[in-house]
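A.B. asks: Following this message is one structure expressed as structure tokens.
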Amino acid sequence: MEHIETRRCLRCGAVLRRRNHGEVCDPCGRAPRPPLRTDPLTVALPADFYTRRDVIAALGTYDFATFFRAVRAELGLSQEGLGLLIGVDQSRVCKIETGAQRLRDVATVARIARVCAAPPGLLGFGAPPLGSAGSRQAVSWLERRDFFTIVAGLALGVPGTVAAGRLDHLVPAVETEPLAHVGATDVARIEAATAAFRSWDNQRGGGEARGAATAQLQWVVATAHRASCAGEEVRDRLLTATADLAALAAFTHYDVERHEDARRLWLVALDAAREARNTDLTSKVLRQMAHQALHLDRPDEALRLLQVAAATSLGTTTDAPAATLAELAAYKGWAHAMAGRVGPCLRALGRAEQAYASPPAGDVPAWMSYFDVAELNALRGHCLHVLGYERPEAAAQAEPLLRAAVEERGAEHVRRKTLNQIALAATYFQRGQDIEEGIAVGYRAVAGAGSLSSPRALSRLRALAKVTARYAKESSVATFRARLQSVLAGGQLPA
């Protein structure tokens with residue numbers, strides 16, 4: 001699977017090379033950097049940022065419109081990304097930047113000062129320094145060197161994993177009043193809302209469900225943090241519902257290629273799932289993070305995450321549900337396929353098939369409701385399709401599995417069906433057989449993508465365009481490639 005995008009250095013603006021997975025270019029990366037703080041919520045602004053006249057003037061007059069634009073320009077953040085960091089809704093960030101609203105709330109200003117490590121004197125605060133310009137922590141959870149340690153510590157319950165304690169503050173502040181007391185009926189309503197967002201995401205993609213799911217999560221996190229519960233069982237159920245919703249919100253951000261935001265929200269999900277002692281949901285969150293790593297062409301990172309997922313049940317997965325074991329094994333197969341390890345890939349797929357054949361134990365949780373024989377076929381087929389780039393015979397094995405997955409998908413899984421169609425179309429070109437059928441499936445995949453708000457599908461379409469290049473001289477292939485290129489050149493899915 002290929003992920004192509006133009007990325008620029010956040011310090012000098014130069015185009016980053018493809019091998020560079022960081023946020024700065026090599027020359028900037030070699031330049032001296034100030035020491036880092038242990039606070040994971042302090043952004044990495046340049047050392048001279050708070051000596052700039054425009055920044056000093058903006059903070060001195062509480063001109064947060066200018067300040068927000070300056071911070072976003074330095075960090076390469078969207079309004080929503082800045083809002084997630086400082087605990088302000090994107091709509092409010094927009095209003096502040098356009099001058100439609102002034103920010104005067106002292107508590108909010110203090111929080112912004114802490115997150116942005118702004119010298120308090122510039123804001124007229126007489127409190128002890130909140131952090132100098134020379135001591136701040138990078139915001140990139142995707143590239144943090146200690147990120148895996150934080151993930152493993154949260155998943156396995158290692159004390160002191162994050163110095164700041166609970167990670168609820170990674171979710172922006174909520175303006176609406178949370179519940180003061182929570183009963184079973186309240187949790188049921190949260191679960192029903194999450195189910196609706198999940199259905200929306202499956203049918204339309206993360207772009208449409210993301211905003212609503214995130215707004216709901218803000219309220220749910222505030223409620224879980226402050227409300228009293230009608231017993232320990234309700235408390236655990238509320239935390240589980242919080243984790244499930246956070247994981248869904250994270251996946252919707254991932255689906256629209258907002259990878260930093262997705263990782264922050266997954267950490268919130270891990271924290272809540274661990275506190276609820278829900279090892280199956282903890283494992284599910286880790287598998288979603290592995291899915292992202294595979295999408296970003298990081299198979300070894302995915303395997304490390306999957307190892308932690310397997311260790312969440314006291315070091316063993318023998319008691320885990322069949323679907324959990326099957327997906328875990330299939331994802332390992334996917335990682336091995338990306339790394340070109342044929343034997344480990346095939347053995348992992350065999351374990352996935354064997355695990356799914358085991359009788360289910362108890363009710364299927366909401367976060368695994370999608371996992372059926374179509375999903376198993378899709379994962380096995382996709383792994384073999386990835387392996388097929390090096391071994392065409394694997395693509396021949398992938399084709400019937402992917403075709404079966406496409407045929408078995410219902411209307412409630414439009415995105416999954418579309419992504420499976422893209423991989424299925426590619427298998428014909430990998431094998432060099434039945435090219436016309438591959439074109440026909442490809443057109444259906446492009447049409448399906450047009451009904452989605454899922455930019456992640458563009459990455460799959462890029463991979464499809466690449467594999468068709470060998471047959472570009474054939475007129476029907478050339479016409480199909482022209483259609484693909486028109487979609488990809490616009491950087492958006494077709495209408």
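Letters A, B, ... go to the chains of the structure tokens in the order shown; residues in each chain start at 1; ligands are counted from 1 in the same order.
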List the neighbours of A:Phe64 out to 10 Å using only C-alpha atoms; skip same-chain residues closer than 3 positions along the sequence, and give me the result as an NGL selection string.
C.D. replies: :A and (55 or 58-61 or 67-70 or 93 or 96-97 or 99 or 101-104 or 109)
A.B. asks: Between A:Ile56, A:Ala65, A:Cys116, A:Leu239, which one has atoms that come closest to A:Lys95, using only C-alpha atoms?
C.D. replies: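 Looking at the shortest contact to A:Lys95, the residue is A:Ala65.
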A.B. asks: Listing only residues of stretch 340-409 of chain A within 12 Å of stretch 440-444 of chain A, what is the closest atom pair and its distance in Å (to one decimal) for each, using only C-alpha atoms, sorted by chain and residue number ascending, as a Markdown table?
C.D. replies:
```
| residue | atom | partner | partner_atom | distance |
| --- | --- | --- | --- | --- |
| A:Glu399 | CA | A:Val441 | CA | 11.6 |
| A:Leu402 | CA | A:Val441 | CA | 11.4 |
| A:Arg403 | CA | A:Val441 | CA | 9.8 |
| A:Val406 | CA | A:Val441 | CA | 10.3 |
| A:Glu407 | CA | A:Val441 | CA | 12.0 |
```
A.B. asks: Using N, CA and C atoms, can you export the residues from the last selection as a compact mmCIF listing (two decimals), in the first residue's frame?
C.D. replies:
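Ended up saving to again.txt:
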```txt
# COMPACT_ATOMS: atom_id res chain seq x y z
N GLU A 399 -7.11 -12.85 -5.45
CA GLU A 399 -8.27 -12.46 -6.26
C GLU A 399 -9.58 -13.11 -5.81
N LEU A 402 -10.70 -11.61 -2.33
CA LEU A 402 -11.20 -10.24 -2.41
C LEU A 402 -12.53 -10.18 -3.14
N ARG A 403 -12.68 -11.00 -4.17
CA ARG A 403 -13.96 -11.01 -4.90
C ARG A 403 -15.08 -11.48 -3.97
N VAL A 406 -16.00 -8.66 -1.57
CA VAL A 406 -16.81 -7.62 -2.23
C VAL A 406 -18.25 -8.08 -2.38
N GLU A 407 -18.44 -9.32 -2.78
CA GLU A 407 -19.79 -9.85 -2.98
C GLU A 407 -20.56 -9.99 -1.68
```
A.B. asks: When you count only C-alpha atoms, which of these residues is closest to A:Arg351: A:Leu328, A:Ala290, A:Ala425, A:Ala337?
C.D. replies: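 Result for the nearest residue to A:Arg351: A:Leu328.
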A.B. asks: Quick one: residues within 9 Å of A:Glu301, only C-alpha atoms, excluding same-chain residues fewer than 6 positions away - as a VMD selection string?
C.D. replies: chain A and resid 148 290 293 to 294 335
A.B. asks: Would you please give, as a VMD selection string, all residues of stretch 141-373 of chain A that DSSP assigns to strand (DSSP E) based on the backbone?
C.D. replies: chain A and resid 181 to 182 228 to 229
A.B. asks: For stretch 375-377 of chain A, work out the shell of residues within 7 Å, counting only C-alpha atoms and skipping chain neighbours fewer than 4 positions away, then give it as an NGL selection string.
C.D. replies: :A and (371 or 381 or 401-402 or 405)
A.B. asks: By how many Å are atom CA of A:Leu488 and atom CA of A:Leu461 apart?
C.D. replies: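 So the answer is 7.8 Å.
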